[in-house]
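Everything below belongs to work_17.txt, which stores compact mmCIF, C-alpha atoms.
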# COMPACT_ATOMS: atom_id res chain seq x y z
CA MET A 1 -8.51 37.24 -74.49
CA MET A 2 -5.45 35.46 -73.11
CA ASN A 3 -5.38 37.78 -70.10
CA CYS A 4 -9.07 37.12 -69.51
CA GLN A 5 -8.45 33.37 -69.63
CA LYS A 6 -5.39 33.79 -67.39
CA SER A 7 -7.54 35.46 -64.74
CA TYR A 8 -9.92 32.49 -64.82
CA ASN A 9 -7.02 30.00 -64.74
CA LYS A 10 -5.73 31.51 -61.48
CA LYS A 11 -9.05 30.68 -59.83
CA ILE A 12 -8.91 27.09 -61.02
CA VAL A 13 -5.23 26.02 -60.85
CA GLY A 14 -3.35 29.00 -59.38
CA ARG A 15 -0.48 31.04 -60.83
CA SER A 16 1.53 29.45 -63.64
CA ASP A 17 4.88 30.46 -62.11
CA GLN A 18 4.01 28.43 -59.00
CA LEU A 19 3.14 25.21 -60.84
CA SER A 20 5.57 22.29 -60.91
CA GLN A 21 6.66 20.73 -64.20
CA GLU A 22 4.61 17.62 -63.35
CA LEU A 23 1.48 19.66 -62.66
CA LYS A 24 1.92 21.71 -65.85
CA GLU A 25 2.07 18.51 -67.87
CA LYS A 26 -1.03 17.11 -66.13
CA ILE A 27 -3.01 20.33 -66.73
CA THR A 28 -1.89 20.32 -70.38
CA GLN A 29 -3.13 16.76 -70.81
CA GLU A 30 -6.50 17.65 -69.27
CA ASN A 31 -6.88 20.77 -71.44
CA VAL A 32 -6.06 18.90 -74.63
CA LEU A 33 -8.50 16.10 -73.80
CA CYS A 34 -11.22 18.66 -73.04
CA ALA A 35 -10.49 20.50 -76.29
CA HIS A 36 -10.70 17.16 -78.10
CA ALA A 37 -14.09 16.54 -76.54
CA GLU A 38 -15.35 19.92 -77.72
CA LEU A 39 -14.07 19.24 -81.23
CA SER A 40 -15.84 15.88 -81.14
CA SER A 41 -19.06 17.62 -80.16
CA LEU A 42 -18.71 19.88 -83.16
CA VAL A 43 -18.09 16.91 -85.46
CA ASN A 44 -21.08 15.08 -84.00
CA ALA A 45 -23.23 18.09 -84.87
CA THR A 46 -22.54 17.52 -88.58
CA ASN A 47 -23.77 14.80 -90.92
CA TYR A 48 -20.47 12.93 -91.13
CA LYS A 49 -22.12 9.49 -90.93
CA ASN A 50 -23.60 8.67 -94.31
CA HIS A 51 -25.89 5.99 -92.84
CA HIS A 52 -27.49 8.51 -90.44
CA SER A 53 -29.78 11.13 -91.90
CA HIS A 54 -31.19 14.22 -90.18
CA LEU A 55 -34.26 16.12 -91.27
CA GLU A 56 -32.85 19.34 -89.84
CA PRO A 57 -29.19 20.40 -89.85
CA LEU A 58 -27.57 19.99 -86.42
CA ALA A 59 -24.74 22.43 -87.01
CA ASN A 60 -25.20 26.14 -87.57
CA ARG A 61 -23.12 29.28 -87.18
CA LYS A 62 -23.84 29.53 -83.45
CA THR A 63 -22.91 25.90 -82.84
CA VAL A 64 -19.60 26.44 -84.62
CA LEU A 65 -19.06 29.74 -82.80
CA TYR A 66 -19.51 28.51 -79.24
CA GLU A 67 -17.83 25.14 -79.70
CA ALA A 68 -14.87 27.01 -81.24
CA VAL A 69 -14.79 29.39 -78.26
CA ASP A 70 -14.49 26.40 -75.93
CA VAL A 71 -11.65 24.87 -77.97
CA VAL A 72 -9.76 28.16 -78.17
CA ARG A 73 -10.17 28.79 -74.43
CA TYR A 74 -8.69 25.39 -73.61
CA MET A 75 -5.73 26.20 -75.85
CA MET A 76 -5.33 29.62 -74.21
CA ALA A 77 -5.45 27.91 -70.83
CA THR A 78 -2.60 25.66 -71.99
CA LEU A 79 -0.54 28.66 -73.12
CA ASN A 80 -1.18 30.38 -69.78
CA THR A 81 -0.17 27.23 -67.90
CA TRP A 82 3.28 27.43 -69.49
CA GLY A 83 3.57 31.18 -68.97
CA ILE A 84 3.47 31.96 -72.69
CA THR A 85 2.61 35.62 -73.24
CA PRO A 86 0.27 37.05 -75.88
CA LEU A 87 3.29 38.70 -77.58
CA GLU A 88 5.18 35.38 -77.72
CA PHE A 89 2.14 33.70 -79.22
CA GLU A 90 1.68 36.46 -81.80
CA GLN A 91 5.35 36.22 -82.83
CA ALA A 92 5.13 32.43 -83.06
CA PHE A 93 1.95 32.74 -85.14
CA ASP A 94 3.71 35.12 -87.53
CA LYS A 95 6.67 32.75 -87.93
CA LYS A 96 4.39 29.79 -88.55
CA ASP A 97 2.49 31.86 -91.10
CA THR A 98 5.77 32.75 -92.85
CA TYR A 99 6.73 29.07 -92.88
CA LEU A 100 3.38 27.93 -94.28
CA ASN A 101 3.39 30.53 -97.06
CA LYS A 102 7.05 29.96 -97.98
CA HIS A 103 6.61 26.19 -97.91
CA TYR A 104 3.55 26.50 -100.17
CA GLU A 105 5.44 28.83 -102.52
CA LEU A 106 8.30 26.34 -102.86
CA GLN A 107 5.92 23.42 -103.36
CA GLN A 108 4.49 25.18 -106.42
CA LYS A 109 7.94 25.20 -108.04
CA LYS A 110 8.69 22.16 -110.16
CA TRP A 111 12.15 21.12 -111.25
CA ASP A 112 11.93 20.38 -114.98
CA GLY A 113 14.48 17.58 -114.91
CA LYS A 114 16.91 19.57 -117.02
CA GLN A 115 17.86 22.61 -114.96
CA PRO A 116 21.39 22.48 -113.52
CA VAL A 117 21.26 22.14 -109.74
CA ALA A 118 23.40 23.86 -107.09
CA ILE A 119 23.27 22.42 -103.57
CA VAL A 120 23.94 25.26 -101.11
CA ASP A 121 24.58 25.19 -97.36
CA ILE A 122 23.17 27.90 -95.07
CA ASP A 123 25.36 28.33 -91.98
CA ASP A 124 28.64 30.14 -92.65
CA VAL A 125 27.82 30.22 -96.33
CA LEU A 126 24.70 32.39 -96.43
CA ALA A 127 24.22 33.03 -92.70
CA ASN A 128 27.09 34.23 -90.50
CA PHE A 129 26.52 31.54 -87.87
CA ARG A 130 29.92 31.57 -86.13
CA VAL A 131 29.79 35.33 -85.65
CA GLY A 132 26.22 35.20 -84.35
CA PHE A 133 26.88 32.26 -82.03
CA SER A 134 30.08 33.88 -80.74
CA ASP A 135 28.24 37.14 -79.98
CA TRP A 136 25.50 35.18 -78.19
CA LEU A 137 28.06 33.27 -76.06
CA ARG A 138 29.67 36.56 -75.03
CA GLU A 139 26.32 38.12 -74.12
CA LYS A 140 24.88 35.05 -72.39
CA PHE A 141 27.90 33.61 -70.60
CA GLY A 142 30.66 36.20 -70.90
CA VAL A 143 32.70 33.68 -72.90
CA GLU A 144 34.88 34.77 -75.82
CA ALA A 145 34.76 32.36 -78.75
CA ASP A 146 37.31 33.13 -81.46
CA VAL A 147 35.53 33.08 -84.82
CA ASP A 148 38.91 32.57 -86.47
CA SER A 149 39.66 29.48 -84.40
CA LYS A 150 40.61 26.33 -86.28
CA GLU A 151 38.09 24.46 -84.13
CA TYR A 152 34.88 23.88 -86.06
CA TYR A 153 32.75 23.47 -82.89
CA PHE A 154 34.29 26.12 -80.54
CA ILE A 155 35.38 23.31 -78.18
CA THR A 156 37.81 25.46 -76.17
CA ALA A 157 35.27 28.23 -75.55
CA LEU A 158 32.46 25.83 -74.66
CA SER A 159 34.70 23.95 -72.22
CA LYS A 160 34.64 27.09 -70.04
CA ILE A 161 30.90 26.73 -69.54
CA ASN A 162 29.71 24.11 -67.05
CA LEU A 163 27.13 22.85 -69.50
CA ASN A 164 26.93 20.17 -72.16
CA SER A 165 27.65 21.63 -75.61
CA GLU A 166 24.37 20.23 -76.92
CA ALA A 167 22.53 22.00 -74.09
CA VAL A 168 24.26 25.28 -74.99
CA PHE A 169 23.31 24.89 -78.64
CA LYS A 170 19.70 24.17 -77.61
CA MET A 171 19.69 27.39 -75.56
CA PHE A 172 20.93 29.34 -78.59
CA LEU A 173 18.22 27.74 -80.70
CA ASP A 174 15.48 28.50 -78.13
CA ASP A 175 16.69 32.11 -77.94
CA GLU A 176 15.80 32.35 -81.65
CA GLY A 177 19.46 32.66 -82.56
CA PHE A 178 18.94 31.36 -86.08
CA ALA A 179 16.42 34.11 -86.80
CA LYS A 180 18.89 36.85 -85.84
CA LEU A 181 21.95 35.89 -87.91
CA THR A 182 23.37 38.38 -90.40
CA VAL A 183 23.69 37.49 -94.07
CA ASP A 184 26.90 36.99 -96.08
CA THR A 185 26.37 39.51 -98.87
CA ASP A 186 29.00 37.96 -101.18
CA ASN A 187 27.33 34.56 -101.19
CA LEU A 188 23.88 36.12 -101.39
CA GLY A 189 25.03 37.97 -104.51
CA LEU A 190 26.38 34.71 -105.91
CA LEU A 191 23.01 33.00 -105.45
CA TRP A 192 21.26 35.76 -107.36
CA GLN A 193 23.81 35.33 -110.16
CA LEU A 194 23.20 31.58 -110.26
CA LYS A 195 19.46 32.16 -110.30
CA HIS A 196 19.74 34.58 -113.22
CA ARG A 197 21.89 32.01 -115.06
CA GLY A 198 19.18 29.37 -114.83
CA TYR A 199 20.30 27.31 -111.84
CA TRP A 200 17.85 25.47 -109.61
CA ILE A 201 19.02 26.35 -106.09
CA HIS A 202 18.39 23.78 -103.38
CA LEU A 203 19.34 24.85 -99.86
CA LEU A 204 20.56 21.86 -97.83
CA THR A 205 21.35 22.36 -94.15
CA ALA A 206 22.37 20.06 -91.30
CA ARG A 207 20.24 22.04 -88.84
CA PRO A 208 17.87 19.88 -86.73
CA GLU A 209 14.53 20.00 -88.56
CA GLU A 210 12.78 18.21 -85.68
CA GLU A 211 13.33 21.28 -83.49
CA LEU A 212 10.33 23.43 -84.44
CA GLN A 213 12.01 26.68 -83.35
CA CYS A 214 14.87 25.87 -85.72
CA LEU A 215 12.56 24.89 -88.57
CA TYR A 216 10.42 28.03 -88.39
CA ASP A 217 13.37 30.36 -87.75
CA THR A 218 15.14 28.94 -90.80
CA TYR A 219 12.20 29.70 -93.08
CA PHE A 220 11.65 33.05 -91.38
CA TRP A 221 15.29 34.06 -91.94
CA ILE A 222 15.25 32.96 -95.59
CA HIS A 223 12.10 35.01 -96.14
CA GLN A 224 13.39 38.06 -94.26
CA GLN A 225 16.76 38.07 -96.08
CA ASN A 226 15.12 37.46 -99.48
CA ILE A 227 17.31 34.42 -100.19
CA PRO A 228 16.71 33.11 -103.72
CA CYS A 229 16.00 29.38 -103.62
CA ASP A 230 13.77 26.75 -105.17
CA ALA A 231 13.75 24.17 -102.35
CA ILE A 232 14.90 23.71 -98.76
CA SER A 233 15.88 20.44 -97.06
CA PHE A 234 17.44 19.35 -93.77
CA SER A 235 19.90 16.48 -93.38
CA PRO A 236 23.01 15.77 -91.28
CA GLU A 237 24.27 13.46 -94.07
CA LYS A 238 24.30 15.71 -97.09
CA PHE A 239 25.88 13.49 -99.74
CA ARG A 240 23.59 10.62 -98.76
CA TRP A 241 20.64 13.01 -99.16
CA CYS A 242 21.93 14.02 -102.60
CA ALA A 243 22.39 10.38 -103.66
CA LYS A 244 18.73 9.71 -102.86
CA SER A 245 17.48 12.88 -104.54
CA LYS A 246 15.71 13.17 -107.88
CA TYR A 247 18.67 15.15 -109.20
CA TYR A 248 21.38 12.55 -108.68
CA ASP A 249 20.48 9.90 -111.25
CA GLU A 250 19.97 12.63 -113.83
CA GLY A 251 23.47 13.96 -113.20
CA ALA A 252 21.93 17.38 -112.57
CA ILE A 253 23.94 18.32 -109.46
CA LYS A 254 26.69 20.49 -110.96
CA PHE A 255 28.28 21.51 -107.66
CA ALA A 256 27.76 22.18 -103.97
CA ILE A 257 28.74 25.10 -101.75
CA ASP A 258 29.56 24.14 -98.15
CA ASP A 259 31.98 25.34 -95.48
CA ALA A 260 32.10 22.19 -93.32
CA PRO A 261 35.15 19.95 -93.89
CA LYS A 262 33.07 16.79 -93.36
CA HIS A 263 30.49 17.65 -96.01
CA ALA A 264 33.02 19.09 -98.46
CA GLU A 265 35.11 15.90 -98.28
CA ASP A 266 32.02 13.70 -98.67
CA TYR A 267 30.94 15.59 -101.76
CA ALA A 268 34.44 15.57 -103.23
CA LYS A 269 35.19 11.88 -102.80
CA HIS A 270 31.89 11.03 -104.49
CA GLY A 271 32.65 13.18 -107.52
CA ILE A 272 30.65 16.32 -106.70
CA LYS A 273 32.61 19.55 -107.05
CA CYS A 274 32.42 21.51 -103.81
CA PHE A 275 33.18 25.22 -103.50
CA VAL A 276 34.24 26.10 -99.97
CA PRO A 277 34.28 29.64 -98.52
CA LYS A 278 37.76 29.78 -97.00
CA LYS A 279 37.68 29.72 -93.18
CA SER A 280 40.29 29.06 -90.49
CA TYR A 281 38.87 25.57 -89.87
CA ASN A 282 38.74 24.39 -93.50
CA GLU A 283 41.79 25.94 -95.17
CA HIS A 284 43.62 22.59 -94.92
CA LEU A 285 41.24 20.91 -97.38
CA GLU A 286 42.87 19.49 -100.50
CA ASP A 287 41.13 17.54 -103.23
CA LYS A 288 40.72 17.88 -106.98
CA ASN A 289 36.99 18.41 -106.40
CA ILE A 290 37.34 21.00 -103.62
CA PHE A 291 37.78 24.67 -104.48
CA LEU A 292 38.47 27.13 -101.69
CA TYR A 293 37.40 30.69 -102.43
CA LYS A 294 37.86 34.06 -100.73
CA ASP A 295 35.04 36.21 -102.05
CA TYR A 296 32.36 36.69 -104.71
CA TYR A 297 34.79 37.48 -107.51
CA HIS A 298 37.02 34.54 -106.67
CA ILE A 299 34.23 31.95 -106.74
CA THR A 300 32.76 33.49 -109.90
CA ASN A 301 36.13 33.05 -111.65
CA LEU A 302 36.44 29.49 -110.32
CA LEU A 303 32.95 28.61 -111.59
CA MET A 304 33.81 30.00 -115.02
CA MET A 305 37.11 28.09 -115.11
CA GLN A 306 35.23 24.87 -114.34
CA GLY A 307 32.70 25.58 -117.08
CA LEU A 308 29.84 25.82 -114.60
CA ILE A 309 28.82 29.32 -115.65
CA GLU A 310 29.56 31.22 -118.83
CA GLU A 311 31.72 34.35 -118.95

As a first step, turn the structure in this file into structure tokens.
Amino acid sequence: MMNCQKSYNKKIVGRSDQLSQELKEKITQENVLCAHAELSSLVNATNYKNHHSHLEPLANRKTVLYEAVDVVRYMMATLNTWGITPLEFEQAFDKKDTYLNKHYELQQKKWDGKQPVAIVDIDDVLANFRVGFSDWLREKFGVEADVDSKEYYFITALSKINLNSEAVFKMFLDDEGFAKLTVDTDNLGLLWQLKHRGYWIHLLTARPEEELQCLYDTYFWIHQQNIPCDAISFSPEKFRWCAKSKYYDEGAIKFAIDDAPKHAEDYAKHGIKCFVPKKSYNEHLEDKNIFLYKDYYHITNLLMMQGLIEE
């Protein structure tokens, strides 16, 4: 269907790879307005105005069918304008479907107000972000980024690329980098242990939720890796998010797990115990509420020593 619409588009506006950015935006606006008009026609064919009555129904299966065809064709024309392939659309549809179903599943879960809560980071706790990002930099730009560097943001490696670091990160995001990360099996095993011991697991990440590719890839990855969790949230200010959460006033947050020095220190200075997977960039951390750990057995022992899980 998309190829059929593409053939028609060429007759009307020409090839998508020869359109300027300005023209693509103009065509998109026109398509969306036309689709809106078709949707309005469909609405007008129904009895949505209570003060207007019709002896015979205006809408029927054929009305819905052909008005829907028009709407879908305008949307296909928009996809073709931007050079989006049928395979890309199918993959995006699948990810959105995963997100919708996972989001619905989590919405059905209700914290009972008594369950102990663990706040858990994703990147470089559950997902091996630095390894994945480093591999991507090597493949994309031929740049070697040392995963054992003490630099949290790979500043030295990124300085070799004549691009803004935010632009590089956006490229990684658009390349679906978050969907391709490997999982840390030690921390995955820990989450299953916490789940079996009655913990409510809330994943809290600083990833940019407003970037739809990031949002859907995050849910897709969690689903694909079978990560046990009860809720997922996004915030660059994690302690502030916790302080505003339903858990905080109840004193239900027993601890957090996070690799980032900034977040670990924020948790610690506000009285939340933070368990930190030991990395080159965070091994300097020292606080009575910060506990560096090396592996699954180490953090399990630390949790038992702090009375957070039973032996």

When you look at Gln18 in chain A with a cut-off of 12 Å (counting only C-alpha atoms), what residues show up, excluding the ones that are within fewer than 5 positions of it in the same chain? I need them as a ChimeraX atom specification.
/A:10,13,23-24,81-83

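For Leu33 in chain A, the non-local neighbours within 12 Å, defined as residues at least 5 positions apart in the same chain or in other chains and counting only C-alpha atoms, are Lys26, Ile27, Thr28, Glu38, Leu39, Ser40, Val71, Tyr74, Met75 and Thr78 of chain A.
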
Among A:Lys246, A:Lys279, A:His298, A:His284, Gly113 in chain A is approached most closely, using only C-alpha atoms, by A:Lys246

Write out as CSV the residues of range 82-131 of chain A that have any atom within 12 Å of an atom of range 163-187 of chain A, one row each with the nearest atom pair and its distance in Å to one decimal, counting only C-alpha atoms, sorted by chain and then rising number.
residue,atom,partner,partner_atom,distance
A:Glu88,CA,A:Glu176,CA,11.7
A:Gln91,CA,A:Glu176,CA,11.2
A:Ala92,CA,A:Glu176,CA,10.8
A:Lys95,CA,A:Ala179,CA,9.9
A:Val120,CA,A:Asn187,CA,9.9
A:Asp121,CA,A:Asn187,CA,10.5
A:Ile122,CA,A:Val183,CA,9.7
A:Asp123,CA,A:Phe178,CA,9.2
A:Asp124,CA,A:Asp184,CA,7.9
A:Val125,CA,A:Asn187,CA,6.5
A:Leu126,CA,A:Asp184,CA,5.1
A:Ala127,CA,A:Val183,CA,4.7
A:Asn128,CA,A:Thr182,CA,5.6
A:Phe129,CA,A:Leu181,CA,6.3
A:Arg130,CA,A:Leu181,CA,9.2
A:Val131,CA,A:Leu181,CA,8.2

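Distance check against Glu151 in chain A using all atoms listed in the file: of A:Glu105, A:Glu283, A:Asp217, A:Asp295, the minimum falls on A:Glu283.
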
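You will find CA of Val143 in chain A at 23.3 Å from CA of Cys214 in chain A.
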
What are the centre and the three edge lengths of an axis-aligned box that wraps all atoms of range 38-44 of chain A in the file, given that 6 Å is added to every side, written as lines of an AutoDock Vina configuration file and rounded to one decimal in Å?
center_x = -17.6
center_y = 17.5
center_z = -81.6
size_x = 19.0
size_y = 16.8
size_z = 19.7

In Å and to one decimal, CA of Phe89 in chain A is distant from CA of Cys4 in chain A by 15.2 Å

Selection near Ala264 in chain A, 6 Å with all atoms listed in the file, sequence-local residues under 3 positions removed, as a ChimeraX atom specification
/A:261,267,274

Students should find that CA of Glu30 in chain A and CA of Asp17 in chain A are spaced 18.6 Å

Would you pick out the contacts of Ile201 in chain A at 12 Å or less, using all atoms listed in the file, so that residues sharing its chain but fewer than 3 positions from it are not included, and give the list as a PDB file with C-alpha atoms, keeping the file's coordinate frame?
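The file below, selection_28.pdb, is the result:
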ATOM      1  CA  LEU A 106       8.300  26.340-102.860  1.00  0.00           C
ATOM      2  CA  LYS A 109       7.940  25.200-108.040  1.00  0.00           C
ATOM      3  CA  LYS A 110       8.690  22.160-110.160  1.00  0.00           C
ATOM      4  CA  TRP A 111      12.150  21.120-111.250  1.00  0.00           C
ATOM      5  CA  GLN A 115      17.860  22.610-114.960  1.00  0.00           C
ATOM      6  CA  PRO A 116      21.390  22.480-113.520  1.00  0.00           C
ATOM      7  CA  VAL A 117      21.260  22.140-109.740  1.00  0.00           C
ATOM      8  CA  ALA A 118      23.400  23.860-107.090  1.00  0.00           C
ATOM      9  CA  ILE A 119      23.270  22.420-103.570  1.00  0.00           C
ATOM     10  CA  VAL A 120      23.940  25.260-101.110  1.00  0.00           C
ATOM     11  CA  ASP A 121      24.580  25.190 -97.360  1.00  0.00           C
ATOM     12  CA  ILE A 122      23.170  27.900 -95.070  1.00  0.00           C
ATOM     13  CA  LEU A 188      23.880  36.120-101.390  1.00  0.00           C
ATOM     14  CA  LEU A 190      26.380  34.710-105.910  1.00  0.00           C
ATOM     15  CA  LEU A 191      23.010  33.000-105.450  1.00  0.00           C
ATOM     16  CA  TRP A 192      21.260  35.760-107.360  1.00  0.00           C
ATOM     17  CA  GLN A 193      23.810  35.330-110.160  1.00  0.00           C
ATOM     18  CA  LEU A 194      23.200  31.580-110.260  1.00  0.00           C
ATOM     19  CA  LYS A 195      19.460  32.160-110.300  1.00  0.00           C
ATOM     20  CA  HIS A 196      19.740  34.580-113.220  1.00  0.00           C
ATOM     21  CA  ARG A 197      21.890  32.010-115.060  1.00  0.00           C
ATOM     22  CA  GLY A 198      19.180  29.370-114.830  1.00  0.00           C
ATOM     23  CA  LEU A 204      20.560  21.860 -97.830  1.00  0.00           C
ATOM     24  CA  ILE A 227      17.310  34.420-100.190  1.00  0.00           C
ATOM     25  CA  PRO A 228      16.710  33.110-103.720  1.00  0.00           C
ATOM     26  CA  CYS A 229      16.000  29.380-103.620  1.00  0.00           C
ATOM     27  CA  ASP A 230      13.770  26.750-105.170  1.00  0.00           C
ATOM     28  CA  ALA A 231      13.750  24.170-102.350  1.00  0.00           C
ATOM     29  CA  ILE A 232      14.900  23.710 -98.760  1.00  0.00           C
ATOM     30  CA  SER A 233      15.880  20.440 -97.060  1.00  0.00           C
ATOM     31  CA  TYR A 247      18.670  15.150-109.200  1.00  0.00           C
ATOM     32  CA  ALA A 252      21.930  17.380-112.570  1.00  0.00           C
ATOM     33  CA  ILE A 253      23.940  18.320-109.460  1.00  0.00           C
ATOM     34  CA  LYS A 254      26.690  20.490-110.960  1.00  0.00           C
ATOM     35  CA  PHE A 255      28.280  21.510-107.660  1.00  0.00           C
ATOM     36  CA  ALA A 256      27.760  22.180-103.970  1.00  0.00           C
ATOM     37  CA  ILE A 257      28.740  25.100-101.750  1.00  0.00           C
TER      38      ILE A 257
END

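For Tyr281 in chain A, the non-local neighbours within 10 Å, defined as residues at least 6 positions apart in the same chain or in other chains and counting all atoms listed in the file, are A:Val147, A:Asp148, A:Ser149, A:Lys150, A:Glu151, A:Tyr152, A:Tyr153, A:Asp259, A:Ala260, A:Pro261.
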
Save C-alpha atoms of range 157-170 of chain A from the block above as an mmCIF file, in the first residue's frame.
data_model
loop_
_atom_site.group_PDB
_atom_site.id
_atom_site.type_symbol
_atom_site.label_atom_id
_atom_site.label_comp_id
_atom_site.auth_asym_id
_atom_site.auth_seq_id
_atom_site.Cartn_x
_atom_site.Cartn_y
_atom_site.Cartn_z
ATOM 1 C CA ALA A 157 36.782 10.700 23.066
ATOM 2 C CA LEU A 158 33.979 13.050 22.001
ATOM 3 C CA SER A 159 36.417 15.956 21.644
ATOM 4 C CA LYS A 160 37.923 14.087 18.666
ATOM 5 C CA ILE A 161 34.642 14.371 16.776
ATOM 6 C CA ASN A 162 33.831 17.716 15.178
ATOM 7 C CA LEU A 163 30.309 17.596 16.545
ATOM 8 C CA ASN A 164 28.510 18.828 19.637
ATOM 9 C CA SER A 165 28.276 16.058 22.257
ATOM 10 C CA GLU A 166 24.507 16.508 22.432
ATOM 11 C CA ALA A 167 24.309 16.028 18.659
ATOM 12 C CA VAL A 168 26.350 12.815 18.933
ATOM 13 C CA PHE A 169 24.083 11.509 21.681
ATOM 14 C CA LYS A 170 21.033 12.348 19.538
#
